[in-house]
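For reference, entry_27.csv is printed below; it contains CSV, C-alpha atoms (C1' of nucleotides).
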```
chain,number,residue,atom,x,y,z
A,1,MET,CA,155.4,-59.7,91.8
A,2,ILE,CA,158.7,-58.1,92.7
A,3,SER,CA,161.8,-59.0,90.7
A,4,GLN,CA,164.3,-61.6,91.7
A,5,LYS,CA,166.8,-58.8,91.8
A,6,ALA,CA,164.8,-56.9,94.4
A,7,LYS,CA,164.5,-60.0,96.5
A,8,TYR,CA,168.3,-60.5,96.3
A,9,ALA,CA,168.9,-56.8,97.2
A,10,LEU,CA,166.7,-57.0,100.3
A,11,ARG,CA,168.2,-60.3,101.4
A,12,ALA,CA,171.7,-58.9,101.0
A,13,LEU,CA,170.8,-55.8,103.0
A,14,VAL,CA,169.3,-57.9,105.8
A,15,ALA,CA,172.5,-60.0,105.8
A,16,LEU,CA,174.7,-56.9,106.0
A,17,ALA,CA,172.6,-55.5,108.8
A,18,LYS,CA,173.1,-58.6,110.8
A,19,GLN,CA,176.9,-58.3,110.5
A,20,PRO,CA,178.9,-56.4,113.2
A,21,PRO,CA,179.4,-52.9,111.8
A,22,GLY,CA,182.8,-51.6,111.0
A,23,GLN,CA,184.4,-54.4,109.2
A,24,PRO,CA,183.3,-55.1,105.6
A,25,THR,CA,181.7,-58.3,104.4
A,26,PHE,CA,182.8,-60.1,101.3
A,27,ILE,CA,180.3,-60.3,98.4
A,28,GLY,CA,181.3,-63.9,98.1
A,29,ASP,CA,180.3,-64.7,101.6
A,30,ILE,CA,176.9,-63.2,101.2
A,31,ALA,CA,176.4,-64.8,97.9
A,32,GLU,CA,177.2,-68.2,99.2
A,33,ALA,CA,175.2,-67.9,102.4
A,34,GLN,CA,172.1,-66.6,100.6
A,35,SER,CA,172.4,-68.7,97.4
A,36,ILE,CA,172.7,-65.6,95.2
A,37,PRO,CA,174.8,-65.8,92.0
A,38,LYS,CA,177.9,-63.8,92.9
A,39,LYS,CA,178.3,-61.8,89.7
A,40,PHE,CA,174.7,-60.8,89.8
A,41,LEU,CA,175.0,-59.7,93.4
A,42,GLU,CA,178.0,-57.6,92.5
A,43,GLN,CA,175.8,-55.6,90.1
A,44,ILE,CA,173.1,-55.2,92.7
A,45,LEU,CA,175.4,-54.0,95.5
A,46,LEU,CA,177.1,-51.7,93.1
A,47,ASP,CA,173.8,-50.2,92.3
A,48,LEU,CA,172.9,-49.8,96.0
A,49,LYS,CA,176.3,-48.2,96.5
A,50,HIS,CA,175.6,-45.6,93.8
A,51,HIS,CA,172.4,-44.8,95.7
A,52,GLY,CA,174.2,-44.4,99.0
A,53,LEU,CA,172.8,-47.3,100.9
A,54,VAL,CA,176.0,-49.3,101.2
A,55,ALA,CA,179.7,-48.6,101.1
A,56,SER,CA,182.6,-50.7,100.0
A,57,ARG,CA,186.3,-51.1,100.3
A,58,ARG,CA,188.4,-52.5,97.5
A,59,GLY,CA,191.3,-54.8,97.6
A,60,LYS,CA,192.1,-57.9,99.4
A,61,ALA,CA,190.6,-56.9,102.7
A,62,GLY,CA,187.7,-55.3,101.0
A,63,GLY,CA,184.0,-55.9,101.2
A,64,TYR,CA,180.6,-54.2,101.7
A,65,GLY,CA,178.8,-52.7,104.7
A,66,LEU,CA,175.7,-50.6,105.4
A,67,LEU,CA,176.4,-46.9,105.0
A,68,ARG,CA,173.2,-45.8,106.8
A,69,PRO,CA,171.7,-47.3,109.9
A,70,ALA,CA,169.4,-50.2,109.2
A,71,ASP,CA,166.4,-48.4,110.7
A,72,THR,CA,166.7,-45.7,108.1
A,73,ILE,CA,166.5,-47.9,105.1
A,74,SER,CA,162.9,-48.7,104.1
A,75,PHE,CA,161.8,-51.6,101.9
A,76,GLY,CA,160.1,-49.0,99.7
A,77,GLU,CA,163.4,-47.2,99.1
A,78,VAL,CA,165.2,-50.3,98.0
A,79,LEU,CA,162.4,-51.5,95.8
A,80,ARG,CA,162.2,-48.1,94.0
A,81,ILE,CA,166.0,-48.3,93.4
A,82,VAL,CA,166.0,-51.8,92.0
A,83,ASP,CA,162.6,-52.3,90.4
A,84,GLY,CA,161.5,-48.7,89.8
A,85,PRO,CA,158.1,-47.2,90.7
A,86,ILE,CA,156.0,-49.2,93.1
A,87,ALA,CA,152.6,-47.9,91.8
A,88,PRO,CA,150.3,-50.3,90.1
A,89,LEU,CA,149.5,-47.8,87.4
A,90,PRO,CA,151.9,-45.3,85.8
A,91,CYS,CA,149.3,-42.5,86.6
A,92,LEU,CA,149.6,-43.4,90.3
A,93,SER,CA,153.4,-43.1,90.7
A,94,LYS,CA,154.6,-40.1,92.7
A,95,ILE,CA,158.2,-40.4,91.6
A,96,ALA,CA,157.6,-41.2,87.9
A,97,TYR,CA,154.1,-40.1,87.1
A,98,ARG,CA,153.0,-40.8,83.5
A,99,ARG,CA,149.5,-40.3,82.2
A,100,CYS,CA,147.8,-43.4,80.8
A,101,GLU,CA,147.5,-42.6,77.1
A,102,ASP,CA,144.3,-44.4,76.7
A,103,CYS,CA,142.6,-42.8,79.7
A,104,GLN,CA,140.0,-40.2,78.8
A,105,GLU,CA,139.6,-38.3,82.1
A,106,GLU,CA,141.9,-39.2,84.9
A,107,ALA,CA,139.7,-37.8,87.6
A,108,ASN,CA,136.7,-40.0,86.6
A,109,CYS,CA,138.7,-43.2,86.0
A,110,GLU,CA,137.1,-45.9,88.0
A,111,VAL,CA,140.1,-48.2,87.7
A,112,ARG,CA,142.4,-45.5,88.9
A,113,ARG,CA,140.3,-44.8,91.9
A,114,VAL,CA,140.4,-48.3,93.1
A,115,PHE,CA,144.1,-48.8,92.5
A,116,ALA,CA,144.9,-45.6,94.3
A,117,GLN,CA,143.7,-47.4,97.4
A,118,VAL,CA,146.0,-50.3,96.6
A,119,ALA,CA,148.9,-48.0,96.1
A,120,ASP,CA,148.2,-46.3,99.5
A,121,ALA,CA,147.9,-49.6,101.3
A,122,THR,CA,151.1,-50.9,99.7
A,123,ARG,CA,153.1,-47.8,100.5
A,124,ALA,CA,151.8,-47.8,104.1
A,125,VAL,CA,153.7,-51.1,104.6
A,126,LEU,CA,156.7,-50.6,102.4
A,127,ASP,CA,157.6,-47.1,103.3
A,128,ARG,CA,157.2,-47.6,107.1
A,129,THR,CA,159.0,-50.9,107.3
A,130,THR,CA,162.8,-50.8,107.5
A,131,ILE,CA,165.5,-53.4,107.3
A,132,ALA,CA,165.8,-53.1,111.1
A,133,ASP,CA,162.1,-53.8,111.5
A,134,ALA,CA,162.4,-56.9,109.3
A,135,ILE,CA,165.1,-58.3,111.5
A,136,GLY,CA,163.5,-57.5,114.8
A,137,ALA,CA,161.0,-60.1,115.9
A,138,ASN,CA,158.5,-57.5,116.9
A,139,LEU,CA,156.2,-57.8,113.8
A,140,PRO,CA,153.6,-56.8,112.8
A,141,ILE,CA,154.7,-53.2,112.4
A,142,ARG,CA,152.6,-50.3,113.5
A,143,LEU,CA,150.2,-49.3,110.8
A,144,ARG,CA,148.5,-46.5,112.6
A,145,GLU,CA,147.8,-43.9,109.9
A,146,MET,CA,146.8,-46.4,107.3
A,147,VAL,CA,144.8,-45.5,104.2
A,148,ALA,CA,142.5,-42.6,104.9
B,149,MET,CA,152.4,-52.6,87.8
B,150,ILE,CA,149.3,-54.3,86.5
B,151,SER,CA,149.4,-55.2,82.8
B,152,GLN,CA,147.8,-53.2,80.1
B,153,LYS,CA,145.6,-56.2,79.4
B,154,ALA,CA,144.2,-56.2,83.0
B,155,LYS,CA,143.5,-52.5,82.7
B,156,TYR,CA,141.6,-53.1,79.5
B,157,ALA,CA,139.7,-55.9,81.0
B,158,LEU,CA,138.6,-53.9,84.0
B,159,ARG,CA,137.6,-50.9,81.8
B,160,ALA,CA,135.6,-53.2,79.6
B,161,LEU,CA,133.8,-54.7,82.5
B,162,VAL,CA,133.0,-51.3,83.9
B,163,ALA,CA,131.7,-50.3,80.5
B,164,LEU,CA,129.5,-53.4,80.3
B,165,ALA,CA,128.2,-52.8,83.9
B,166,LYS,CA,127.0,-49.3,82.9
B,167,GLN,CA,125.1,-50.7,80.0
B,168,PRO,CA,121.4,-51.6,80.4
B,169,PRO,CA,121.3,-55.3,81.0
B,170,GLY,CA,119.7,-57.7,78.6
B,171,GLN,CA,120.8,-56.5,75.3
B,172,PRO,CA,124.4,-57.2,74.3
B,173,THR,CA,127.0,-54.6,73.6
B,174,PHE,CA,129.4,-54.8,70.5
B,175,ILE,CA,133.1,-55.3,71.1
B,176,GLY,CA,133.6,-52.6,68.5
B,177,ASP,CA,131.6,-50.1,70.5
B,178,ILE,CA,133.5,-50.7,73.7
B,179,ALA,CA,136.8,-50.7,71.9
B,180,GLU,CA,136.1,-47.3,70.3
B,181,ALA,CA,134.7,-45.7,73.4
B,182,GLN,CA,137.6,-46.9,75.6
B,183,SER,CA,140.4,-46.6,73.0
B,184,ILE,CA,141.2,-50.3,73.2
B,185,PRO,CA,142.5,-52.1,70.1
B,186,LYS,CA,139.6,-54.2,69.0
B,187,LYS,CA,141.3,-57.4,68.2
B,188,PHE,CA,143.1,-57.3,71.5
B,189,LEU,CA,139.8,-56.7,73.3
B,190,GLU,CA,138.4,-59.7,71.6
B,191,GLN,CA,141.0,-62.0,73.2
B,192,ILE,CA,140.4,-60.4,76.6
B,193,LEU,CA,136.6,-60.8,76.5
B,194,LEU,CA,136.9,-64.3,75.2
B,195,ASP,CA,139.1,-65.1,78.2
B,196,LEU,CA,136.6,-63.5,80.6
B,197,LYS,CA,133.9,-65.5,79.0
B,198,HIS,CA,135.8,-68.8,79.5
B,199,HIS,CA,135.9,-67.9,83.1
B,200,GLY,CA,132.3,-67.2,83.4
B,201,LEU,CA,132.3,-63.4,83.9
B,202,VAL,CA,130.6,-62.4,80.7
B,203,ALA,CA,128.4,-64.0,78.1
B,204,SER,CA,128.2,-63.4,74.4
B,205,ARG,CA,125.8,-63.8,71.5
B,206,ARG,CA,127.2,-64.3,68.0
B,207,GLY,CA,125.9,-63.1,64.7
B,208,LYS,CA,124.6,-59.8,63.5
B,209,ALA,CA,122.7,-58.9,66.6
B,210,GLY,CA,125.5,-60.3,68.9
B,211,GLY,CA,127.6,-58.7,71.5
B,212,TYR,CA,128.8,-59.1,75.1
B,213,GLY,CA,127.1,-58.7,78.4
B,214,LEU,CA,127.9,-59.3,82.1
B,215,LEU,CA,126.9,-62.8,83.1
B,216,ARG,CA,127.0,-62.1,86.8
B,217,PRO,CA,125.8,-59.0,88.7
B,218,ALA,CA,128.4,-56.3,88.9
B,219,ASP,CA,128.5,-56.4,92.6
B,220,THR,CA,129.7,-60.1,92.6
B,221,ILE,CA,132.8,-59.4,90.3
B,222,SER,CA,135.8,-58.3,92.3
B,223,PHE,CA,138.8,-56.6,91.0
B,224,GLY,CA,140.9,-59.3,92.5
B,225,GLU,CA,139.1,-62.0,90.5
B,226,VAL,CA,139.6,-60.2,87.3
B,227,LEU,CA,143.3,-59.6,88.0
B,228,ARG,CA,143.9,-63.2,88.8
B,229,ILE,CA,142.3,-64.3,85.5
B,230,VAL,CA,144.2,-61.8,83.4
B,231,ASP,CA,147.5,-61.3,85.1
B,232,GLY,CA,147.8,-64.4,87.3
B,233,PRO,CA,148.6,-64.4,91.0
B,234,ILE,CA,148.4,-61.1,92.8
B,235,ALA,CA,151.0,-62.0,95.4
B,236,PRO,CA,154.3,-60.1,95.4
B,237,LEU,CA,156.3,-63.3,95.9
B,238,PRO,CA,155.5,-66.8,94.6
B,239,CYS,CA,155.7,-68.2,98.1
B,240,LEU,CA,152.8,-65.9,99.1
B,241,SER,CA,150.3,-66.8,96.5
B,242,LYS,CA,147.3,-68.7,97.7
B,243,ILE,CA,146.2,-69.9,94.3
B,244,ALA,CA,149.6,-70.7,92.9
B,245,TYR,CA,152.0,-71.2,95.7
B,246,ARG,CA,155.6,-71.9,94.7
B,247,ARG,CA,158.5,-72.1,97.1
B,248,CYS,CA,161.3,-69.6,96.4
B,249,GLU,CA,164.1,-72.0,95.4
B,250,ASP,CA,166.8,-69.8,96.9
B,251,CYS,CA,165.0,-69.4,100.3
B,252,GLN,CA,166.5,-71.4,103.1
B,253,GLU,CA,163.7,-71.4,105.7
B,254,GLU,CA,160.5,-69.9,104.7
B,255,ALA,CA,159.2,-69.4,108.2
B,256,ASN,CA,162.3,-67.3,109.1
B,257,CYS,CA,162.5,-65.3,105.8
B,258,GLU,CA,162.4,-61.6,106.7
B,259,VAL,CA,161.6,-60.5,103.2
B,260,ARG,CA,158.6,-62.9,103.1
B,261,ARG,CA,157.3,-61.6,106.5
B,262,VAL,CA,157.2,-58.1,105.3
B,263,PHE,CA,155.6,-58.8,101.9
B,264,ALA,CA,153.0,-61.0,103.6
B,265,GLN,CA,151.7,-57.7,105.0
B,266,VAL,CA,151.8,-56.1,101.6
B,267,ALA,CA,149.8,-59.0,100.1
B,268,ASP,CA,147.2,-58.8,102.9
B,269,ALA,CA,146.8,-55.1,102.4
B,270,THR,CA,146.5,-55.5,98.7
B,271,ARG,CA,144.0,-58.3,98.9
B,272,ALA,CA,141.9,-56.3,101.4
B,273,VAL,CA,141.3,-53.8,98.7
B,274,LEU,CA,141.1,-55.9,95.6
B,275,ASP,CA,139.0,-58.7,96.9
B,276,ARG,CA,136.4,-56.5,98.6
B,277,THR,CA,136.0,-54.0,95.8
B,278,THR,CA,133.7,-55.0,93.0
B,279,ILE,CA,132.9,-53.5,89.6
B,280,ALA,CA,129.7,-52.1,91.1
B,281,ASP,CA,131.7,-50.4,93.9
B,282,ALA,CA,134.0,-48.9,91.3
B,283,ILE,CA,131.1,-47.3,89.5
B,284,GLY,CA,129.2,-46.1,92.6
B,285,ALA,CA,130.5,-42.7,93.8
B,286,ASN,CA,130.6,-44.0,97.4
B,287,LEU,CA,134.3,-44.5,97.7
B,288,PRO,CA,136.4,-45.0,99.7
B,289,ILE,CA,135.3,-48.6,100.3
B,290,ARG,CA,134.9,-50.1,103.8
B,291,LEU,CA,138.2,-51.5,104.9
B,292,ARG,CA,137.2,-52.7,108.3
B,293,GLU,CA,139.0,-55.9,108.8
B,294,MET,CA,142.2,-54.7,107.4
B,295,VAL,CA,145.6,-56.4,108.1
B,296,ALA,CA,145.7,-57.9,111.5
C,297,DA,C1',122.7,-65.8,50.6
C,298,DC,C1',124.8,-61.9,52.6
C,299,DT,C1',126.7,-59.5,56.1
C,300,DA,C1',128.2,-58.3,60.6
C,301,DA,C1',129.2,-60.0,64.5
C,302,DC,C1',131.9,-63.3,67.6
C,303,DT,C1',135.6,-67.5,67.9
C,304,DC,C1',140.0,-69.3,67.8
C,305,DT,C1',144.9,-70.2,66.8
C,306,DA,C1',149.1,-68.5,65.5
C,307,DC,C1',152.7,-65.6,65.6
C,308,DA,C1',155.7,-61.4,65.3
C,309,DG,C1',158.3,-57.5,67.2
C,310,DG,C1',160.0,-55.3,71.1
C,311,DG,C1',161.2,-55.2,75.6
C,312,DT,C1',162.6,-56.9,80.2
C,313,DC,C1',164.8,-60.2,83.4
C,314,DA,C1',168.4,-63.0,85.1
C,315,DA,C1',172.6,-64.3,84.6
C,316,DT,C1',177.2,-64.7,82.5
C,317,DA,C1',181.5,-63.0,80.3
C,318,DT,C1',185.3,-60.2,80.0
C,319,DA,C1',188.3,-56.9,81.1
C,320,DG,C1',190.0,-53.6,84.3
C,321,DT,C1',191.3,-51.4,89.0
C,322,DT,C1',192.5,-51.3,93.8
C,323,DT,C1',194.7,-52.9,98.0
C,324,DA,C1',196.9,-56.0,101.6
C,325,DG,C1',200.5,-58.8,102.5
C,326,DG,C1',204.5,-61.6,101.6
D,327,DC,C1',207.3,-55.5,93.8
D,328,DC,C1',204.2,-58.7,92.7
D,329,DT,C1',200.4,-61.4,93.2
D,330,DA,C1',196.0,-62.9,95.0
D,331,DA,C1',191.7,-61.5,96.2
D,332,DA,C1',188.6,-58.3,96.2
D,333,DC,C1',185.6,-54.6,94.0
D,334,DT,C1',184.2,-51.9,89.2
D,335,DA,C1',182.3,-51.5,84.8
D,336,DT,C1',180.3,-52.6,80.5
D,337,DA,C1',178.6,-55.8,77.1
D,338,DT,C1',176.1,-59.6,75.8
D,339,DT,C1',173.3,-63.6,75.9
D,340,DG,C1',169.1,-66.4,76.0
D,341,DA,C1',164.7,-67.0,77.7
D,342,DC,C1',160.5,-65.3,78.4
D,343,DC,C1',156.5,-62.1,78.4
D,344,DC,C1',153.7,-58.2,76.8
D,345,DT,C1',151.2,-56.1,73.3
D,346,DG,C1',149.1,-56.2,69.3
D,347,DT,C1',148.0,-58.1,64.5
D,348,DA,C1',146.5,-61.6,61.1
D,349,DG,C1',143.5,-64.5,59.1
D,350,DA,C1',140.5,-68.1,58.7
D,351,DG,C1',136.4,-70.0,60.6
D,352,DT,C1',131.6,-70.0,62.8
D,353,DT,C1',127.1,-68.1,63.9
D,354,DA,C1',122.8,-65.9,63.2
D,355,DG,C1',119.7,-62.0,61.8
D,356,DT,C1',117.5,-60.0,57.6
```

Encoded form (structure tokens):
Amino acid sequence: MISQKAKYALRALVALAKQPPGQPTFIGDIAEAQSIPKKFLEQILLDLKHHGLVASRRGKAGGYGLLRPADTISFGEVLRIVDGPIAPLPCLSKIAYRRCEDCQEEANCEVRRVFAQVADATRAVLDRTTIADAIGANLPIRLREMVA
Amino acid sequence: MISQKAKYALRALVALAKQPPGQPTFIGDIAEAQSIPKKFLEQILLDLKHHGLVASRRGKAGGYGLLRPADTISFGEVLRIVDGPIAPLPCLSKIAYRRCEDCQEEANCEVRRVFAQVADATRAVLDRTTIADAIGANLPIRLREMVA
DNA sequence: ACTAACTCTACAGGGTCAATATAGTTTAGG
DNA sequence: CCTAAACTATATTGACCCTGTAGAGTTAGT
């Protein structure tokens, strides 16, 4: 299960991507249109700003907009920012590897071997699918070089 | 991330599957060999018993054993027992569907469309891989009819 | 009977998640 | 200039879950 926060973040990015670029969009407008608590969305967008996905202007004519083109922002990137590692086991995360303390020999771990396949399959979708892909009606997405 | 509890459950089932069938194995032996807190493992095995995966005998010569052949117990089944639904969103669970309250139109939800692919890819691995598969060295597992 | 195993219920401590609160800063426009 | 409306930042809350422990009870072999 992904967190509510991640769902909000993705929905907000999709909403921003649908907006004409250039002029910023109010947090309040997104919050209302998407049924997201406004103050919560503020935190989320601020976080995405710190990671360089969106930009904002303050003041009365302020608002948010995408900083990078929608086809360069993958679902995986957003999820990692908001929810942390995607891996189903700490010992399978590439960005935040941590050994399972109770695991004897990682190389022989049957559970790990199976979930490594889950992780690959999941990343194959999340890291190849962008916000732009999600908006375009041309799904499903190419999954050529799927799990080995 | 799967829970610690699920990891323990899978490791215990793998350990049981490696045991010669017929004679039961002590919780204490599994707990020690796998570095799992014994009382915690008791709860887990009890839960698996209630779901018909393992059987137990009480008393001095008691212990646990697999109730069904290892090649009929999938990782997905175990995960659903211990951790609940596998789906990344409540609206994508087959066994415990729940509408996202804040979602306007499910059919048009971009986030849902993408995560439906994640769910399919994940289930393709978890529902086809059994405890027996995990023990056998013949990985990777056949993934023929992967996501459409 | 005694003992070593499983069975069951309860619960405690810590952490995370979702959301709210509060206070502050910036900018456009009158 | 001054105010409204927007973003920025930090703190806090309450609910819930995860992990693990406790302890009393039940069963069965010797």

Original post:
Taking only C-alpha atoms (C1' of nucleotides) into account, which residues of chain C are within 10 Å of chain B, as a VMD selection string?
Top reply: chain C and resid 299 to 304

Counting all atoms listed in the file, which residues in chain D sit no more than 7 Å from chain A? For each one, give the nearest pair of atoms and the distance in Å, sorted by chain then residue number, as a Markdown table.
```
| residue | atom | partner | partner_atom | distance |
| --- | --- | --- | --- | --- |
| D:DA331 | C1' | A:Lys60 | CA | 4.8 |
| D:DA332 | C1' | A:Gly59 | CA | 4.6 |
| D:DC333 | C1' | A:Arg58 | CA | 4.9 |
```

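Note that the spacing between atom C1' of C:DA314 and atom CA of B:Ala154 amounts to 25.2 Å.
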
Original post:
Counting all atoms listed in the file, which residues come within 10 Å of (161.0, -69.4, 94.7), with the point read in the file's coordinates, and could you list them as a ChimeraX atom specification?
Top reply: /A:4 /B:237-240,245-251

Export of the given selection (C-alpha atoms) as a compact mmCIF listing (two decimals), in the frame of the given file:
```txt
# COMPACT_ATOMS: atom_id res chain seq x y z
CA GLN A 4 164.30 -61.60 91.70
CA LEU B 237 156.30 -63.30 95.90
CA PRO B 238 155.50 -66.80 94.60
CA CYS B 239 155.70 -68.20 98.10
CA LEU B 240 152.80 -65.90 99.10
CA TYR B 245 152.00 -71.20 95.70
CA ARG B 246 155.60 -71.90 94.70
CA ARG B 247 158.50 -72.10 97.10
CA CYS B 248 161.30 -69.60 96.40
CA GLU B 249 164.10 -72.00 95.40
CA ASP B 250 166.80 -69.80 96.90
CA CYS B 251 165.00 -69.40 100.30
```

Subject >> Residue hits in chain A, query chain B, radius 7 Å, only C-alpha atoms, as an MDAnalysis selection string >> reply: chainID A and resid 1:2 10:11 35 87:89 102 110:111 114 117:118 121:122 125 134:135

Original post:
Nearest to D:DC344 among C:DT305, C:DT323, C:DG310, C:DA297, with distances taken over all atoms listed in the file: which residue is it?
Top reply: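 When distances to D:DC344 are compared using all atoms listed in the file, the smallest one comes from C:DG310.
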